[in-house]
Amino acid sequence: MAAVNIALRYLSYKLFAGHKHGHGIHSPFVYGFVREVLKPKGLNEDMLKIEQIRKALLKSKKEVPAYNFGAGSKINAGRMKTLGSVVKNSSVSKKYGKMLYRMVKYYNPDMIVELGTSAGISTLYMAMANTRKKVITIEGNKVLADIATETFRQFKLSNIEVINGVFDEVLPGLLKSCTGRVLFYIDGNHRGKATIDYFRFFSSFASESLMVFDDINWSEDMYQAWKLIRADKGVKVSVYLFRMGVVITGPKYLKQDYVIKY
């Protein structure tokens with residue numbers, strides 16, 4: 001039944017999502033988001049480099065322990081899996097990686113916090129968008145954290161800090177340093193309750209934040225969590241992209257919700 005519900009939601013999204021070119025959007029922030037983040041096509045030099053490392057990682061037969069810190073993977077649930085399969089099934093796609101890159105360019109956050117480094121593809125997209133902004137990325141799997149760290153060294157990026165640890169144990173000490181405009185990318189625990197908890201936790205630390213939730217249609221549980229987050233009084237603007245949900249908090253925005261085709 002859950003799979004049927006997700007399929008029906010996807011059909012509804014494809015049929016009724018709008019604003020593909022920004023027409024009819026009254027929010028200046030969301031209009032710019034569509035024009036500057038969602039609409040541009042093609043790959044720039046940074047993106048091409050990232051996709052080259054993705055291709056190399058996809059070929060890797062290195063074995064990675066299949067630690068399950070969140071809801072786990074529906075595809076790989078065994079004790080060990082290859083790095084190539086991790087990248088194929090868990091890393092951000094090229095389409096959404098480009099979106100994250102352009103989002104950093106557009107929003108210009110003071111810092112970026114990522115839950116779920118995996119092999120580091122999404123981290124690279126955000127870190128290379130503005131190498132002057134610090135990116136803190138947290139990964140529970142030590143082998144993956146080490147692999148990502150080595151990849152970042154190859155790119156000679158000094159703005160990334162990798163923390164190996166369980167989210168709930170790391171975040172309380174980390175978020176005390178979160179000030180100004182913060183971009184939070186949440187892709188490390190596919191459980192609805194945990195997703196809501198992270199949203200509320202992050203909301204209490206930043207005066208203004210842009211939060212990106214990945215895999216909001218992973219399960220019925222995740223979709224219900226997204227609905228609760230979108231309806232929260234602290235959320236001023238929400239953008240539903242089916243796979244991802246984007247919300248922004250801050251006093252200068254008016255309450256508006258959008259379903260946008262991407």
# chains A, B, ... in the order shown; residues from 1 in each chain; ligands from 1

call {"tool": "select_by_dssp", "arguments": {"residues": "range 30-218 of chain A", "states": "helix (DSSP H, G or I)", "output": "NGL selection string"}}
result
:A and (30-38 or 45-58 or 83-90 or 94-107 or 121-129 or 142-154 or 167-177 or 192-203)

call {"tool": "residues_around", "arguments": {"residues": "Ala206 in chain A", "least_positions_apart": "3", "cutoff": "8 Å", "atoms": "only C-alpha atoms", "output": "list in words"}}
result
Cys178, Thr179, Gly180, Arg181, Val182, Phe202, Ser203 and Ser209 of chain A

call {"tool": "write_last_selection", "arguments": {"atoms": "all heavy atoms", "output": "CSV table (one decimal), in the first residue's frame"}}
result
chain,number,residue,atom,x,y,z
A,178,CYS,N,26.8,27.6,15.1
A,178,CYS,CA,26.0,27.9,14.0
A,178,CYS,C,25.3,29.3,14.2
A,178,CYS,O,24.4,29.4,14.9
A,178,CYS,CB,24.9,26.9,13.7
A,178,CYS,SG,25.6,25.3,13.1
A,179,THR,N,25.8,30.2,13.5
A,179,THR,CA,25.3,31.6,13.5
A,179,THR,C,25.0,32.1,12.1
A,179,THR,O,25.6,31.6,11.2
A,179,THR,CB,26.2,32.6,14.3
A,179,THR,OG1,27.5,32.6,13.6
A,179,THR,CG2,26.4,32.1,15.7
A,180,GLY,N,24.2,33.1,12.0
A,180,GLY,CA,24.0,33.7,10.7
A,180,GLY,C,23.1,32.8,9.8
A,180,GLY,O,22.2,32.1,10.3
A,181,ARG,N,23.3,32.9,8.5
A,181,ARG,CA,22.5,32.1,7.6
A,181,ARG,C,23.2,30.7,7.4
A,181,ARG,O,24.3,30.7,7.0
A,181,ARG,CB,22.5,32.8,6.2
A,181,ARG,CG,21.7,34.1,6.3
A,181,ARG,CD,22.2,35.1,5.2
A,181,ARG,NE,22.0,34.6,3.9
A,181,ARG,CZ,21.0,34.8,3.1
A,181,ARG,NH1,20.0,35.5,3.5
A,181,ARG,NH2,21.0,34.3,1.9
A,182,VAL,N,22.4,29.7,7.7
A,182,VAL,CA,23.0,28.3,7.6
A,182,VAL,C,22.2,27.5,6.7
A,182,VAL,O,20.9,27.6,6.6
A,182,VAL,CB,23.0,27.7,9.0
A,182,VAL,CG1,23.6,26.3,9.0
A,182,VAL,CG2,23.6,28.5,10.1
A,202,PHE,N,17.6,22.1,14.5
A,202,PHE,CA,18.3,23.1,13.7
A,202,PHE,C,17.6,24.5,13.8
A,202,PHE,O,18.2,25.5,13.8
A,202,PHE,CB,18.3,22.7,12.2
A,202,PHE,CG,19.1,21.5,11.9
A,202,PHE,CD1,18.9,20.7,10.9
A,202,PHE,CD2,20.2,21.1,12.8
A,202,PHE,CE1,19.6,19.5,10.6
A,202,PHE,CE2,21.0,20.0,12.5
A,202,PHE,CZ,20.7,19.2,11.4
A,203,SER,N,16.2,24.5,13.8
A,203,SER,CA,15.5,25.7,13.9
A,203,SER,C,15.8,26.6,15.1
A,203,SER,O,15.7,27.8,15.1
A,203,SER,CB,14.0,25.4,13.9
A,203,SER,OG,13.6,24.8,12.7
A,209,SER,N,17.6,30.1,8.3
A,209,SER,CA,18.2,28.9,7.7
A,209,SER,C,17.5,28.4,6.5
A,209,SER,O,16.3,28.6,6.3
A,209,SER,CB,18.3,27.7,8.7
A,209,SER,OG,17.0,27.3,9.1

call {"tool": "residues_around", "arguments": {"residues": "Leu83 in chain A", "least_positions_apart": "5", "cutoff": "7 Å", "atoms": "only C-alpha atoms", "output": "PyMOL selection string"}}
result
chain A and resi 57+60-64

call {"tool": "closest_residue", "arguments": {"among": "A:Arg102, A:Arg54, A:Tyr185, A:Pro172", "to": "Val37 in chain A", "atoms": "only C-alpha atoms"}}
result
A:Arg102

call {"tool": "closest_residue", "arguments": {"among": "A:Arg35, A:Lys55, A:Lys261, A:Lys233", "to": "Tyr106 in chain A", "atoms": "only C-alpha atoms"}}
result
A:Arg35

call {"tool": "closest_residue", "arguments": {"among": "A:Ala129, A:Val247, A:Val239, A:Ile216", "to": "Phe184 in chain A", "atoms": "only C-alpha atoms"}}
result
A:Val247

call {"tool": "atom_distance", "arguments": {"atom1": "CA of Asn89 in chain A", "atom2": "CA of Ile121 in chain A"}}
result
12.1 Å

call {"tool": "atom_distance", "arguments": {"atom1": "CA of Ser122 in chain A", "atom2": "CA of Ser91 in chain A"}}
result
6.9 Å

call {"tool": "closest_residue", "arguments": {"among": "A:Gly234, A:Leu228, A:Leu175, A:Val86", "to": "Phe205 in chain A", "atoms": "only C-alpha atoms"}}
result
A:Leu175

call {"tool": "residues_around", "arguments": {"residues": "Thr137 in chain A", "least_positions_apart": "4", "cutoff": "8 Å", "atoms": "only C-alpha atoms", "output": "short mmCIF file (atom, residue, chain, number, x, y, z; two decimals) with N, CA, C and O atoms, in the first residue's frame"}}
result
data_model
loop_
_atom_site.label_atom_id
_atom_site.label_comp_id
_atom_site.auth_asym_id
_atom_site.auth_seq_id
_atom_site.Cartn_x
_atom_site.Cartn_y
_atom_site.Cartn_z
N VAL A 113 25.90 22.76 6.91
CA VAL A 113 25.97 21.56 7.74
C VAL A 113 25.26 20.44 6.99
O VAL A 113 24.11 20.59 6.58
N GLU A 114 25.96 19.32 6.83
CA GLU A 114 25.41 18.18 6.10
C GLU A 114 25.34 16.96 7.02
O GLU A 114 26.32 16.61 7.67
N LEU A 115 24.18 16.31 7.04
CA LEU A 115 24.02 15.05 7.77
C LEU A 115 24.02 13.92 6.75
O LEU A 115 23.09 13.78 5.97
N GLY A 116 25.09 13.13 6.74
CA GLY A 116 25.19 12.03 5.81
C GLY A 116 26.14 12.31 4.67
O GLY A 116 25.72 12.67 3.57
N THR A 117 27.44 12.15 4.94
CA THR A 117 28.47 12.43 3.93
C THR A 117 28.46 11.39 2.83
O THR A 117 28.66 11.71 1.66
N THR A 123 28.76 16.59 -0.74
CA THR A 123 29.63 17.54 -0.04
C THR A 123 30.46 18.33 -1.04
O THR A 123 30.61 19.55 -0.90
N ILE A 160 36.26 22.01 4.10
CA ILE A 160 35.41 20.90 4.54
C ILE A 160 35.96 20.29 5.82
O ILE A 160 37.15 19.97 5.90
N GLU A 161 35.09 20.12 6.80
CA GLU A 161 35.43 19.39 8.02
C GLU A 161 34.55 18.15 8.10
O GLU A 161 33.32 18.25 8.11
N VAL A 162 35.20 16.98 8.13
CA VAL A 162 34.47 15.72 8.21
C VAL A 162 34.47 15.26 9.66
O VAL A 162 35.52 15.16 10.29
N ILE A 163 33.28 14.97 10.18
CA ILE A 163 33.15 14.46 11.54
C ILE A 163 32.56 13.06 11.47
O ILE A 163 31.48 12.86 10.90
#

call {"tool": "decode", "arguments": {"residues": "range 223-253 of chain A", "atoms": "C-alpha atoms", "output": "PDB file, in the first residue's frame"}}
result
ATOM      1  CA  TYR A 223       6.313  11.982   3.613  1.00  0.00           C
ATOM      2  CA  GLN A 224       4.247  12.555   6.753  1.00  0.00           C
ATOM      3  CA  ALA A 225       7.320  14.093   8.382  1.00  0.00           C
ATOM      4  CA  TRP A 226       7.670  16.462   5.422  1.00  0.00           C
ATOM      5  CA  LYS A 227       4.019  17.518   5.757  1.00  0.00           C
ATOM      6  CA  LEU A 228       4.523  18.335   9.445  1.00  0.00           C
ATOM      7  CA  ILE A 229       7.690  20.304   8.720  1.00  0.00           C
ATOM      8  CA  ARG A 230       6.067  22.282   5.916  1.00  0.00           C
ATOM      9  CA  ALA A 231       3.150  23.185   8.179  1.00  0.00           C
ATOM     10  CA  ASP A 232       5.335  24.275  11.103  1.00  0.00           C
ATOM     11  CA  LYS A 233       4.787  27.918  12.083  1.00  0.00           C
ATOM     12  CA  GLY A 234       8.533  28.554  11.905  1.00  0.00           C
ATOM     13  CA  VAL A 235       8.657  27.633   8.215  1.00  0.00           C
ATOM     14  CA  LYS A 236       8.033  30.679   6.060  1.00  0.00           C
ATOM     15  CA  VAL A 237       8.565  29.222   2.583  1.00  0.00           C
ATOM     16  CA  SER A 238       8.398  25.599   1.446  1.00  0.00           C
ATOM     17  CA  VAL A 239       9.268  24.155  -1.951  1.00  0.00           C
ATOM     18  CA  TYR A 240       8.193  20.591  -2.785  1.00  0.00           C
ATOM     19  CA  LEU A 241      10.268  18.903  -5.514  1.00  0.00           C
ATOM     20  CA  PHE A 242       8.990  15.362  -4.884  1.00  0.00           C
ATOM     21  CA  ARG A 243      12.387  13.830  -4.094  1.00  0.00           C
ATOM     22  CA  MET A 244      13.534  16.790  -2.026  1.00  0.00           C
ATOM     23  CA  GLY A 245      11.787  19.330   0.148  1.00  0.00           C
ATOM     24  CA  VAL A 246      13.242  22.778   0.774  1.00  0.00           C
ATOM     25  CA  VAL A 247      12.171  25.125   3.560  1.00  0.00           C
ATOM     26  CA  ILE A 248      13.394  28.495   4.691  1.00  0.00           C
ATOM     27  CA  THR A 249      12.981  30.074   8.108  1.00  0.00           C
ATOM     28  CA  GLY A 250      13.461  33.690   9.113  1.00  0.00           C
ATOM     29  CA  PRO A 251      11.385  36.731  10.024  1.00  0.00           C
ATOM     30  CA  LYS A 252      11.700  38.526   6.677  1.00  0.00           C
ATOM     31  CA  TYR A 253       9.771  35.907   4.687  1.00  0.00           C
TER      32      TYR A 253
END
